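> Before anything else, here's the structure in question.
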Amino acid sequence: KKAENMAKEKVIIVTPIGEHPQEIYDENIHQEHKSSWQIDEMKKLGYKVKSRGLKFLYGNENVVQKYGLFSYVLFTISALLYPLLLFKSEWGIYMVCVKNK
């Protein structure tokens, strides 16, 4: 609600889908995940939602930290398989939520 009140035209939120544990990363306290959201919850709040990233590729871990440079291969595979998410949004690892004012 605070972001919606501050926004002039639209609010864009990018967040993991469901539980996706992550601690502080690269000494950045804003990387820690403190809450979780589901696609249906964001839609009920009036957001248009698109999922991204394939959960079966990434799992519930920080792939950059775990796989290093190989994580970019996973990103590429995920981008190529993006059309699957148009039919099965729940397969996504994160979502982009947009709400126009």
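Residues in the structure tokens are numbered from 1 in each chain, the chains being A, B, ... in the order shown, and ligands are numbered from 1 in the order shown.
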Among chain A, which residues does DSSP mark as strand (DSSP E) when it is run on the backbone? Keep the chain and numbering as in the structure and answer as a PDB file with N, CA and C atoms, in the first residue's frame.


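Output saved as selection-v1.pdb:
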ATOM      1  N   LYS A  10       2.655   3.890 -11.898  1.00  0.00           N
ATOM      2  CA  LYS A  10       2.534   2.442 -11.731  1.00  0.00           C
ATOM      3  C   LYS A  10       3.490   1.945 -10.668  1.00  0.00           C
ATOM      4  N   VAL A  11       3.171   0.766 -10.159  1.00  0.00           N
ATOM      5  CA  VAL A  11       4.024   0.086  -9.185  1.00  0.00           C
ATOM      6  C   VAL A  11       4.499  -1.209  -9.840  1.00  0.00           C
ATOM      7  N   ILE A  12       5.795  -1.460  -9.772  1.00  0.00           N
ATOM      8  CA  ILE A  12       6.376  -2.690 -10.300  1.00  0.00           C
ATOM      9  C   ILE A  12       7.083  -3.389  -9.145  1.00  0.00           C
ATOM     10  N   ILE A  13       6.681  -4.627  -8.900  1.00  0.00           N
ATOM     11  CA  ILE A  13       7.281  -5.423  -7.827  1.00  0.00           C
ATOM     12  C   ILE A  13       7.820  -6.706  -8.438  1.00  0.00           C
ATOM     13  N   VAL A  14       9.071  -7.021  -8.138  1.00  0.00           N
ATOM     14  CA  VAL A  14       9.671  -8.279  -8.563  1.00  0.00           C
ATOM     15  C   VAL A  14      10.012  -9.035  -7.284  1.00  0.00           C
ATOM     16  N   THR A  15       9.444 -10.239  -7.143  1.00  0.00           N
ATOM     17  CA  THR A  15       9.610 -10.993  -5.908  1.00  0.00           C
ATOM     18  C   THR A  15       9.582 -12.490  -6.193  1.00  0.00           C
ATOM     19  N   PRO A  16      10.264 -13.288  -5.369  1.00  0.00           N
ATOM     20  CA  PRO A  16      10.169 -14.736  -5.537  1.00  0.00           C
ATOM     21  C   PRO A  16       8.727 -15.208  -5.350  1.00  0.00           C
ATOM     22  N   LYS A  48      -1.126  -7.146 -12.364  1.00  0.00           N
ATOM     23  CA  LYS A  48      -0.953  -8.068 -13.486  1.00  0.00           C
ATOM     24  C   LYS A  48       0.354  -8.791 -13.201  1.00  0.00           C
ATOM     25  N   VAL A  49       0.327 -10.112 -13.289  1.00  0.00           N
ATOM     26  CA  VAL A  49       1.474 -10.906 -12.851  1.00  0.00           C
ATOM     27  C   VAL A  49       1.970 -11.821 -13.971  1.00  0.00           C
ATOM     28  N   LYS A  50       3.288 -11.834 -14.155  1.00  0.00           N
ATOM     29  CA  LYS A  50       3.939 -12.757 -15.085  1.00  0.00           C
ATOM     30  C   LYS A  50       5.060 -13.441 -14.315  1.00  0.00           C
ATOM     31  N   SER A  51       5.144 -14.755 -14.452  1.00  0.00           N
ATOM     32  CA  SER A  51       6.219 -15.456 -13.765  1.00  0.00           C
ATOM     33  C   SER A  51       7.443 -15.547 -14.678  1.00  0.00           C
ATOM     34  N   ARG A  52       8.585 -15.724 -14.055  1.00  0.00           N
ATOM     35  CA  ARG A  52       9.855 -15.811 -14.765  1.00  0.00           C
ATOM     36  C   ARG A  52      10.724 -16.872 -14.099  1.00  0.00           C
ATOM     37  N   GLY A  53      11.695 -17.381 -14.838  1.00  0.00           N
ATOM     38  CA  GLY A  53      12.622 -18.369 -14.293  1.00  0.00           C
ATOM     39  C   GLY A  53      11.927 -19.683 -14.007  1.00  0.00           C
ATOM     40  N   LEU A  54      12.531 -20.773 -14.340  1.00  0.00           N
ATOM     41  CA  LEU A  54      11.912 -22.082 -14.127  1.00  0.00           C
ATOM     42  C   LEU A  54      12.395 -22.699 -12.810  1.00  0.00           C
ATOM     43  N   GLY A  92       7.196 -20.974 -12.225  1.00  0.00           N
ATOM     44  CA  GLY A  92       8.183 -19.904 -12.130  1.00  0.00           C
ATOM     45  C   GLY A  92       8.825 -19.820 -10.766  1.00  0.00           C
ATOM     46  N   ILE A  93      10.001 -19.228 -10.724  1.00  0.00           N
ATOM     47  CA  ILE A  93      10.720 -19.029  -9.472  1.00  0.00           C
ATOM     48  C   ILE A  93      10.466 -17.623  -8.914  1.00  0.00           C
ATOM     49  N   TYR A  94      10.198 -16.677  -9.809  1.00  0.00           N
ATOM     50  CA  TYR A  94       9.864 -15.329  -9.337  1.00  0.00           C
ATOM     51  C   TYR A  94       8.801 -14.725 -10.261  1.00  0.00           C
ATOM     52  N   MET A  95       8.231 -13.616  -9.804  1.00  0.00           N
ATOM     53  CA  MET A  95       7.177 -12.979 -10.580  1.00  0.00           C
ATOM     54  C   MET A  95       7.421 -11.478 -10.689  1.00  0.00           C
ATOM     55  N   VAL A  96       6.934 -10.944 -11.803  1.00  0.00           N
ATOM     56  CA  VAL A  96       6.959  -9.500 -12.035  1.00  0.00           C
ATOM     57  C   VAL A  96       5.501  -9.048 -11.944  1.00  0.00           C
ATOM     58  N   CYS A  97       5.227  -8.151 -11.024  1.00  0.00           N
ATOM     59  CA  CYS A  97       3.857  -7.693 -10.755  1.00  0.00           C
ATOM     60  C   CYS A  97       3.763  -6.211 -11.096  1.00  0.00           C
ATOM     61  N   VAL A  98       2.769  -5.848 -11.899  1.00  0.00           N
ATOM     62  CA  VAL A  98       2.613  -4.450 -12.341  1.00  0.00           C
ATOM     63  C   VAL A  98       1.188  -4.000 -12.053  1.00  0.00           C
ATOM     64  N   LYS A  99       1.081  -2.809 -11.463  1.00  0.00           N
ATOM     65  CA  LYS A  99      -0.232  -2.219 -11.191  1.00  0.00           C
ATOM     66  C   LYS A  99      -0.206  -0.760 -11.632  1.00  0.00           C
ATOM     67  N   ASN A 100      -1.075  -0.417 -12.588  1.00  0.00           N
ATOM     68  CA  ASN A 100      -1.206   0.965 -13.034  1.00  0.00           C
ATOM     69  C   ASN A 100      -2.100   1.713 -12.069  1.00  0.00           C
TER      70      ASN A 100
END

> Pick out the residues sitting within 12 Å of Phe75 of chain A, and hand them over as a list of chain:residue names; count only C-alpha atoms, and ignore anything fewer than 5 positions along from it in its own chain.

A:Arg52, A:Gly53, A:Leu54, A:Lys55, A:Leu57, A:Tyr58, A:Val63, A:Val64, A:Tyr67, A:Gly68, A:Leu69, A:Phe70, A:Leu80, A:Leu81, A:Tyr82, A:Ile93

> What does the distance from atom CA of Ser89 of chain A to atom CA of His20 of chain A come to in Å, to one decimal?

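If I compute the distance from atom CA of Ser89 of chain A to atom CA of His20 of chain A, I get 16.1 Å.
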
> One number please: atom CA of Lys44 of chain A to atom CA of Ala3 of chain A, in Å, one decimal.

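Calculated distance between atom CA of Lys44 of chain A and atom CA of Ala3 of chain A is 16.3 Å.
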
> What's around Glu23 of chain A at 9 Å? Count only C-alpha atoms, leave out sequence neighbours fewer than 5 positions away in its own chain, and write the answer as a count of residues only.

4

> Can you measure atom CA of Lys88 of chain A to atom CA of Phe56 of chain A for me? One decimal in Å is fine.

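Atom CA of Phe56 of chain A lies 12.5 Å from atom CA of Lys88 of chain A.
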
> Counting only C-alpha atoms, which of A:Lys8, A:Lys43, A:Lys66, A:Lys1 gets nearest to Gln22 of chain A?

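Looking only at the distances to Gln22 of chain A, the closest residue turns out to be A:Lys66.
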
> If you run DSSP on the backbone, which residues of chain A are helix (DSSP H, G or I), as number ranges by chain?

A: 2-6, 29-31, 39-44, 55-58, 63-80, 83-87, 89-91
